[in-house]
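Report on one structure; see the data block that follows.
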Amino acid sequence: MGEKIIYNPKSETMPREDIEQLQIEKLQSTLNRAYRNVAFYQKAFDANRVNLENIKDIDSLRQLPFTTKEDLQKSYPYDMFAVPLRNIVRIHSSGTTGKPIVVGFTRDDLRNWTECAARLLAAAGLTEHDVVQIALDYNLFTSGFGFQQGAEHIGASVIPASFTASVEKQIVIMKDFKTTALVTTPSHAVKIASGLEEMRLHAEALNLRHGLFWGERWSDQLRDQLEARLGIISTDTYGLTEMMSPGVAGECHLRDGLHINEDHFIVEVINPKTLEPEGVGPEGELVLTTITKEGFPLIRYRTGDITSLDPEPCACARTFLKMARVLSRTDDLISFRGVEFFPAEIEQILIEVEGVSPHYQIILGREAGVDTLELKVEISDSITFLDGLKSVENMLAQLSRRIKNDLEIEAKITLVEPKALQHIEAKDRVIDKRPA
Amino acid sequence: MLKILNLEAGYGQLRVLKGISLHVLPGEAVAIIGANGAGKTTLLKTIAGVLRPRSGKIMFNKQDISNAALEKIVASGCCLVPEGRHVFSTMTVKENLLLGAYHRQKNGDSLNISSSLKQVYKLFGILEERANQLAGTLSGGQQQMLAIGRALMSGPKLLMMDEPSLGVAPLLVKSIYKTIADLKRQGLTILLVEQNARAALALADRGYVFETGQIVLEGTSRELSDNPEVQRAYLGKEYQRIDE
């Protein structure tokens, strides 16, 4: 039903040549505004001897310095705003960890954000026939509002269930209000799925057909699991408070990468170690430049998210570049006895050895000055003791061999009982007990 | 239809345009707004070939016209209605109009010229009434109509207009803008420079805001009309100082 709707075909299917012209125009005017109106950028450009008149194409972006989250924290609350406060109509804040940051939107910014969110929801397959239950934290954060504005814009019926309602309450709303699309965090979705099972409600008894999961990274395996348990199709959307959240990129019904709203953002992927642009193809850190924002423009903002860009034209007819789903962050990188690795690499090995997505936890410690790594793995149905202890031993041996061979790491692997790790938050996936 | 990248231009030592990039799609009306001296007129003169660009690129219908001769640019369908009209006051209205079709006459296009003349008379009835009167005896608004009519006689695909409301009585401004809107409806592409930002944004699909030779803002006319800084600086909305 309405799966192939393109919300704004004029923009979303624009020829590449026109996108490039649009981007350079908007980039130049954004840079002129940022330089004139934001002291931080005036200082940063002058310090790097940047002459904005030399920014003649998208590639020359690399002459400009990066903006980091620390820069935003130092500018708390309003120092990065490019317009006077009287022109700002909405203020949001974020920062679950560390110092908060504050972002502001002008009337035009809000309209653009709403349009971008609407595009992503339409691409996901939502229409005016959908009843959208938003179980996200509205408290200061942007995402509940972003999904709400976008959903209302395409004419869907929105239930701002928020995050405060209990799992039972969410399920009651979902059932009684005939919710067709659920917007929530992946971990909350897992709880709702478990809640359904505990209440002996089958997904088929609901009207749910769509899931949009947000705020935490969710693996492809978790996606499969949630789709099966909730009887839904899920699509991934990408955004961040500093830009638009959601609003930067989203999957279409083909779910082969997330289309970036390139008429509002210029994307780069850089090597997080050398900071050199990687171009299209290789994996690296996503760097975003806003080209329409009036209130809070950001130039070459390092998102910390790891992805890659895909220039292949999409069968859905959208011409915007696609980015891969974000499954890891630069700050996930674990340094361990001189080796650097991402938790996702361990997860991949677990999947390959076990054949299913396991729940796991990595605990880093230090004994007698030497780093230690304990990998806790939840026993899943696929590791049945019916096969005998032998096969469990086999699996453990195989796991530690793979981890040693692939990552050059010695890990102590412990099995823990089912459901012990199922509900842990993404941020607790790695516990670092090593003294700084 | 028109695509400009990193255009720089000026007069002598004076750099006026400091790297301008903009585009106009077929059938679109685009407004350039900005204060005096921001480079709006310089932009139109450079596109029309009156001024030579120092660097950058002007593409018109996929042809590079950055350094093309003025008459070639007109013949390719890109025509300027200059600020202050510049009609030939000692010639009749009709002679002025026919002059606009000079390059077509040379190519023996007289049949189409007479149909263009009919169209112009249809748009501006007053010009037909005064066809044999000297252009210098027309009012400011009528001269503006004549200047637009003369440009239309060249058979343009892109009509560039520099301050069509300047020095024209308010009532006639309305009628001139109504005519420009009619031309747009008929599919003519329009690039409009105006200090009268309200009239320009009401007509245009999109706009660019110029400040000291650079573009500092661009967007749809709705976005620009809603922008408080544009309202304050160019739309004359009451400006209240609020302590920040």
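Chain identifiers are assigned as A, B, and so on, following the order in which chains appear in the structure tokens; residues are numbered from 1 within each chain, and ligands are numbered from 1 in order of appearance.
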Where does chain B meet chain A within 10 Å, residue by residue, with the nearest atom pair and distance in Å to one decimal for each, counting only C-alpha atoms, listed by chain and rising number, as a Markdown table?
```
| residue | atom | partner | partner_atom | distance |
| --- | --- | --- | --- | --- |
| B:Lys3 | CA | A:Gln21 | CA | 7.9 |
| B:Ile4 | CA | A:Gln21 | CA | 8.7 |
| B:Leu5 | CA | A:Lys56 | CA | 7.8 |
| B:Asn6 | CA | A:Lys56 | CA | 6.1 |
| B:Leu7 | CA | A:Lys56 | CA | 9.8 |
| B:Glu8 | CA | A:Glu53 | CA | 9.7 |
| B:Lys18 | CA | A:Glu53 | CA | 6.9 |
| B:Gly19 | CA | A:Glu53 | CA | 6.1 |
| B:Ile20 | CA | A:Glu25 | CA | 8.0 |
| B:Ser21 | CA | A:Glu25 | CA | 5.2 |
| B:Leu22 | CA | A:Glu25 | CA | 6.0 |
| B:His23 | CA | A:Gln21 | CA | 7.7 |
| B:Leu25 | CA | A:Asp18 | CA | 9.8 |
| B:Gly56 | CA | A:Lys56 | CA | 9.2 |
| B:Tyr208 | CA | A:Ser29 | CA | 9.2 |
| B:Val209 | CA | A:Ser29 | CA | 9.0 |
| B:Phe210 | CA | A:Ser29 | CA | 9.5 |
| B:Glu211 | CA | A:Asn32 | CA | 9.5 |
| B:Gln214 | CA | A:Asn32 | CA | 7.5 |
| B:Ile215 | CA | A:Ser29 | CA | 5.2 |
| B:Val216 | CA | A:Ser29 | CA | 4.4 |
| B:Leu217 | CA | A:Ser29 | CA | 5.5 |
| B:Glu218 | CA | A:Lys26 | CA | 7.1 |
| B:Gly219 | CA | A:Thr292 | CA | 8.4 |
| B:Arg222 | CA | A:Asp108 | CA | 9.0 |
| B:Glu223 | CA | A:Asp108 | CA | 5.9 |
| B:Leu224 | CA | A:Asp108 | CA | 8.5 |
| B:Ser225 | CA | A:Asp108 | CA | 9.9 |
| B:Asp226 | CA | A:Asp108 | CA | 7.1 |
| B:Asn227 | CA | A:Asp108 | CA | 7.1 |
| B:Pro228 | CA | A:Asn87 | CA | 6.3 |
| B:Glu229 | CA | A:Asn87 | CA | 8.2 |
| B:Gln240 | CA | A:Arg86 | CA | 10.0 |
| B:Arg241 | CA | A:Arg86 | CA | 9.3 |
| B:Ile242 | CA | A:Arg86 | CA | 7.2 |
| B:Asp243 | CA | A:Arg86 | CA | 8.9 |
| B:Glu244 | CA | A:Leu85 | CA | 6.5 |
```
Can I get the selection written as a compact mmCIF listing (two decimals), in the first residue's frame, with N, CA and C atoms?
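Saved result, part-v2.txt, follows:
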```
# COMPACT_ATOMS: atom_id res chain seq x y z
N LYS B 3 22.98 28.77 -15.81
CA LYS B 3 23.75 28.18 -14.72
C LYS B 3 25.03 28.98 -14.56
N ILE B 4 25.23 29.55 -13.39
CA ILE B 4 26.40 30.39 -13.17
C ILE B 4 27.23 29.80 -12.04
N LEU B 5 28.55 29.69 -12.29
CA LEU B 5 29.43 29.13 -11.27
C LEU B 5 30.58 30.09 -10.98
N ASN B 6 30.71 30.47 -9.72
CA ASN B 6 31.86 31.24 -9.23
C ASN B 6 32.16 32.49 -10.06
N LEU B 7 31.14 33.23 -10.40
CA LEU B 7 31.31 34.38 -11.27
C LEU B 7 31.94 35.57 -10.51
N GLU B 8 33.00 36.11 -11.11
CA GLU B 8 33.60 37.34 -10.58
C GLU B 8 33.59 38.38 -11.68
N LYS B 18 31.93 38.69 -6.19
CA LYS B 18 33.04 37.95 -5.61
C LYS B 18 32.74 36.47 -5.53
N GLY B 19 32.46 35.87 -6.68
CA GLY B 19 32.21 34.42 -6.68
C GLY B 19 30.75 34.11 -6.45
N ILE B 20 29.97 34.31 -7.51
CA ILE B 20 28.53 34.10 -7.42
C ILE B 20 28.17 32.81 -8.15
N SER B 21 27.38 31.96 -7.50
CA SER B 21 26.86 30.77 -8.18
C SER B 21 25.35 30.78 -8.06
N LEU B 22 24.67 30.65 -9.18
CA LEU B 22 23.21 30.56 -9.13
C LEU B 22 22.69 29.89 -10.39
N HIS B 23 21.42 29.54 -10.38
CA HIS B 23 20.84 28.91 -11.57
C HIS B 23 19.39 29.34 -11.71
N LEU B 25 15.96 27.67 -13.70
CA LEU B 25 15.42 26.54 -14.47
C LEU B 25 14.43 27.06 -15.51
N GLY B 56 35.08 32.59 -13.70
CA GLY B 56 33.80 31.92 -13.52
C GLY B 56 33.15 31.57 -14.84
N TYR B 208 17.56 34.91 -4.57
CA TYR B 208 18.89 34.94 -3.96
C TYR B 208 19.07 36.31 -3.32
N VAL B 209 19.66 36.34 -2.14
CA VAL B 209 19.91 37.61 -1.46
C VAL B 209 21.39 37.95 -1.61
N PHE B 210 21.67 39.11 -2.21
CA PHE B 210 23.04 39.57 -2.42
C PHE B 210 23.46 40.50 -1.29
N GLU B 211 24.70 40.35 -0.86
CA GLU B 211 25.27 41.31 0.09
C GLU B 211 26.72 41.49 -0.31
N GLN B 214 28.32 39.00 -2.68
CA GLN B 214 28.23 37.57 -2.39
C GLN B 214 26.78 37.21 -2.13
N ILE B 215 26.48 35.93 -2.32
CA ILE B 215 25.12 35.47 -1.98
C ILE B 215 25.15 35.01 -0.53
N VAL B 216 24.26 35.56 0.28
CA VAL B 216 24.25 35.18 1.69
C VAL B 216 23.03 34.36 2.06
N LEU B 217 22.09 34.27 1.13
CA LEU B 217 20.89 33.49 1.42
C LEU B 217 20.23 33.15 0.10
N GLU B 218 19.65 31.96 0.02
CA GLU B 218 18.84 31.66 -1.15
C GLU B 218 17.73 30.74 -0.71
N GLY B 219 16.68 30.66 -1.49
CA GLY B 219 15.60 29.77 -1.13
C GLY B 219 14.37 30.08 -1.94
N ARG B 222 8.82 31.78 -0.62
CA ARG B 222 8.16 31.65 0.68
C ARG B 222 9.18 31.65 1.82
N GLU B 223 10.25 30.90 1.62
CA GLU B 223 11.28 30.86 2.66
C GLU B 223 11.87 32.25 2.89
N LEU B 224 12.17 32.93 1.79
CA LEU B 224 12.77 34.26 1.94
C LEU B 224 11.78 35.24 2.58
N SER B 225 10.52 35.16 2.18
CA SER B 225 9.53 36.08 2.75
C SER B 225 9.36 35.85 4.24
N ASP B 226 9.58 34.60 4.68
CA ASP B 226 9.42 34.27 6.09
C ASP B 226 10.69 34.52 6.90
N ASN B 227 11.78 34.83 6.22
CA ASN B 227 13.03 35.01 6.94
C ASN B 227 13.05 36.39 7.62
N PRO B 228 13.20 36.41 8.95
CA PRO B 228 13.10 37.70 9.66
C PRO B 228 14.13 38.73 9.20
N GLU B 229 15.31 38.27 8.80
CA GLU B 229 16.33 39.23 8.37
C GLU B 229 15.94 39.84 7.02
N GLN B 240 11.66 45.69 15.58
CA GLN B 240 11.64 45.94 17.02
C GLN B 240 12.90 45.39 17.62
N ARG B 241 13.52 46.18 18.43
CA ARG B 241 14.72 45.71 19.09
C ARG B 241 14.31 44.92 20.34
N ILE B 242 14.80 43.70 20.43
CA ILE B 242 14.49 42.90 21.60
C ILE B 242 15.82 42.56 22.26
N ASP B 243 15.88 42.75 23.55
CA ASP B 243 17.14 42.45 24.23
C ASP B 243 17.42 40.96 24.16
N GLU B 244 18.64 40.64 23.76
CA GLU B 244 18.97 39.22 23.67
C GLU B 244 19.72 38.80 24.90
```
Practice prompt. Check the DSSP output for the backbone and give back, as number ranges by chain, the residues of region 22-241 of chain B in strand (DSSP E).
Written response: B: 22-24, 29-34, 55-60, 63-64, 78-81, 158-162, 189-194, 206-211, 214-220
Export of prior selection with C-alpha atoms as a PDB file, in the first residue's frame:
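This went into selection.pdb:
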```
ATOM      1  CA  LEU B  22      23.209  30.564  -9.132  1.00  0.00           C
ATOM      2  CA  HIS B  23      20.837  28.910 -11.565  1.00  0.00           C
ATOM      3  CA  VAL B  24      17.503  29.494 -13.256  1.00  0.00           C
ATOM      4  CA  ALA B  29      11.048  33.294 -12.267  1.00  0.00           C
ATOM      5  CA  VAL B  30      14.011  34.020 -10.014  1.00  0.00           C
ATOM      6  CA  ALA B  31      14.469  37.229  -8.032  1.00  0.00           C
ATOM      7  CA  ILE B  32      17.761  38.770  -6.999  1.00  0.00           C
ATOM      8  CA  ILE B  33      17.287  41.014  -4.004  1.00  0.00           C
ATOM      9  CA  GLY B  34      19.767  43.098  -2.069  1.00  0.00           C
ATOM     10  CA  SER B  55      36.498  34.493 -13.868  1.00  0.00           C
ATOM     11  CA  GLY B  56      33.802  31.919 -13.518  1.00  0.00           C
ATOM     12  CA  LYS B  57      31.390  30.391 -15.924  1.00  0.00           C
ATOM     13  CA  ILE B  58      28.028  31.378 -17.390  1.00  0.00           C
ATOM     14  CA  MET B  59      26.165  28.586 -19.114  1.00  0.00           C
ATOM     15  CA  PHE B  60      23.028  29.418 -21.099  1.00  0.00           C
ATOM     16  CA  GLN B  63      26.358  26.870 -24.103  1.00  0.00           C
ATOM     17  CA  ASP B  64      29.212  28.671 -22.423  1.00  0.00           C
ATOM     18  CA  CYS B  78      19.008  35.940 -23.451  1.00  0.00           C
ATOM     19  CA  CYS B  79      17.828  39.538 -23.299  1.00  0.00           C
ATOM     20  CA  LEU B  80      18.194  42.346 -20.768  1.00  0.00           C
ATOM     21  CA  VAL B  81      15.735  45.113 -19.952  1.00  0.00           C
ATOM     22  CA  LEU B 158      15.263  34.264 -20.793  1.00  0.00           C
ATOM     23  CA  LEU B 159      14.148  37.784 -19.969  1.00  0.00           C
ATOM     24  CA  MET B 160      16.342  39.637 -17.511  1.00  0.00           C
ATOM     25  CA  MET B 161      14.868  42.728 -15.908  1.00  0.00           C
ATOM     26  CA  ASP B 162      16.720  45.318 -13.879  1.00  0.00           C
ATOM     27  CA  THR B 189      11.856  32.306 -17.995  1.00  0.00           C
ATOM     28  CA  ILE B 190      12.569  35.406 -15.933  1.00  0.00           C
ATOM     29  CA  LEU B 191      15.509  36.685 -13.930  1.00  0.00           C
ATOM     30  CA  LEU B 192      14.515  39.758 -12.017  1.00  0.00           C
ATOM     31  CA  VAL B 193      16.581  42.247 -10.054  1.00  0.00           C
ATOM     32  CA  GLU B 194      14.607  44.379  -7.655  1.00  0.00           C
ATOM     33  CA  ARG B 206      12.878  31.464  -5.845  1.00  0.00           C
ATOM     34  CA  GLY B 207      15.293  34.162  -4.873  1.00  0.00           C
ATOM     35  CA  TYR B 208      18.886  34.943  -3.964  1.00  0.00           C
ATOM     36  CA  VAL B 209      19.914  37.607  -1.459  1.00  0.00           C
ATOM     37  CA  PHE B 210      23.041  39.570  -2.420  1.00  0.00           C
ATOM     38  CA  GLU B 211      25.270  41.306   0.086  1.00  0.00           C
ATOM     39  CA  GLN B 214      28.231  37.572  -2.391  1.00  0.00           C
ATOM     40  CA  ILE B 215      25.125  35.473  -1.983  1.00  0.00           C
ATOM     41  CA  VAL B 216      24.255  35.184   1.689  1.00  0.00           C
ATOM     42  CA  LEU B 217      20.895  33.489   1.423  1.00  0.00           C
ATOM     43  CA  GLU B 218      18.842  31.662  -1.152  1.00  0.00           C
ATOM     44  CA  GLY B 219      15.596  29.772  -1.125  1.00  0.00           C
ATOM     45  CA  THR B 220      12.023  29.650  -2.285  1.00  0.00           C
TER      46      THR B 220
END
```
Item to complete: List every residue of region 22-56 of chain A that DSSP, applied to the backbone of this structure, places in alpha helix (DSSP H), and write the result as a ChimeraX atom specification.
Response: /A:22-37,39-47
Could you take the residues named above and write them with C-alpha atoms, as a CSV table (one decimal), in the first residue's frame?
```
chain,number,residue,atom,x,y,z
A,22,LEU,CA,22.4,23.3,-6.0
A,23,GLN,CA,24.9,22.1,-3.4
A,24,ILE,CA,27.7,24.6,-4.5
A,25,GLU,CA,25.2,27.5,-4.4
A,26,LYS,CA,23.9,26.6,-1.0
A,27,LEU,CA,27.3,25.8,0.3
A,28,GLN,CA,28.7,29.2,-0.7
A,29,SER,CA,25.8,31.1,0.8
A,30,THR,CA,26.0,29.0,4.0
A,31,LEU,CA,29.7,29.7,4.3
A,32,ASN,CA,29.2,33.4,3.7
A,33,ARG,CA,26.5,33.5,6.5
A,34,ALA,CA,28.5,31.4,8.9
A,35,TYR,CA,31.6,33.6,8.4
A,36,ARG,CA,29.6,36.8,8.9
A,37,ASN,CA,27.4,35.7,11.8
A,39,ALA,CA,32.3,34.2,15.7
A,40,PHE,CA,33.5,30.6,16.0
A,41,TYR,CA,33.6,30.1,12.2
A,42,GLN,CA,35.1,33.5,11.6
A,43,LYS,CA,37.9,32.6,14.0
A,44,ALA,CA,38.3,29.1,12.7
A,45,PHE,CA,38.4,30.1,9.0
A,46,ASP,CA,40.8,33.0,9.7
A,47,ALA,CA,43.1,30.8,11.8
```
Item to complete: Could you please determine the separation between CA of Ser75 (chain A) and CA of Phe105 (chain A) in Å, to one decimal place?
Response: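 CA of Phe105 (chain A) lies 16.2 Å from CA of Ser75 (chain A).
Atom pair CA of Ile176 (chain B) / CA of Met145 (chain B) has a distance of 7.1 Å (rounded to one decimal).
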Item to complete: Identify, on the basis of only C-alpha atoms, every residue whose closest approach to Thr46 (chain B) does not exceed 10 Å; exclude the query and any residue fewer than 4 positions from it along the same chain; express the result as a PyMOL selection string.
Response: chain B and resi 7-10+17+41-42+50-54+58+66-67+70
Same residues, N, CA and C atoms, output as a CSV table (one decimal), in the first residue's frame:
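Result written to result_11.csv:
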```
chain,number,residue,atom,x,y,z
B,7,LEU,N,31.1,33.2,-10.4
B,7,LEU,CA,31.3,34.4,-11.3
B,7,LEU,C,31.9,35.6,-10.5
B,8,GLU,N,33.0,36.1,-11.1
B,8,GLU,CA,33.6,37.3,-10.6
B,8,GLU,C,33.6,38.4,-11.7
B,9,ALA,N,33.2,39.6,-11.3
B,9,ALA,CA,33.2,40.7,-12.3
B,9,ALA,C,33.3,42.0,-11.5
B,10,GLY,N,33.6,43.1,-12.3
B,10,GLY,CA,33.7,44.4,-11.7
B,10,GLY,C,34.1,45.5,-12.7
B,17,LEU,N,31.4,41.5,-8.1
B,17,LEU,CA,30.9,40.1,-7.8
B,17,LEU,C,32.1,39.3,-7.4
B,41,THR,N,22.9,44.6,-10.4
B,41,THR,CA,23.0,45.1,-11.8
B,41,THR,C,24.2,44.6,-12.5
B,42,THR,N,25.3,44.5,-11.8
B,42,THR,CA,26.6,44.0,-12.4
B,42,THR,C,26.4,42.6,-12.8
B,50,VAL,N,27.5,42.8,-21.5
B,50,VAL,CA,27.9,44.2,-21.4
B,50,VAL,C,29.2,44.3,-20.7
B,51,LEU,N,29.4,43.5,-19.6
B,51,LEU,CA,30.6,43.4,-18.9
B,51,LEU,C,31.2,42.1,-19.1
B,52,ARG,N,32.6,42.0,-19.1
B,52,ARG,CA,33.3,40.8,-19.2
B,52,ARG,C,33.5,40.2,-17.8
B,53,PRO,N,33.2,38.9,-17.6
B,53,PRO,CA,33.6,38.3,-16.3
B,53,PRO,C,35.1,38.2,-16.1
B,54,ARG,N,35.5,38.3,-14.9
B,54,ARG,CA,37.0,38.1,-14.6
B,54,ARG,C,37.3,36.7,-14.5
B,58,ILE,N,29.5,31.1,-17.2
B,58,ILE,CA,28.0,31.4,-17.4
B,58,ILE,C,27.6,30.4,-18.5
B,66,SER,N,30.2,32.8,-21.3
B,66,SER,CA,31.0,33.7,-20.5
B,66,SER,C,31.7,34.8,-21.2
B,67,ASN,N,32.2,34.5,-22.4
B,67,ASN,CA,32.9,35.5,-23.2
B,67,ASN,C,32.4,35.7,-24.6
B,70,LEU,N,28.1,40.3,-27.2
B,70,LEU,CA,26.7,40.7,-26.7
B,70,LEU,C,25.6,40.3,-27.7
```
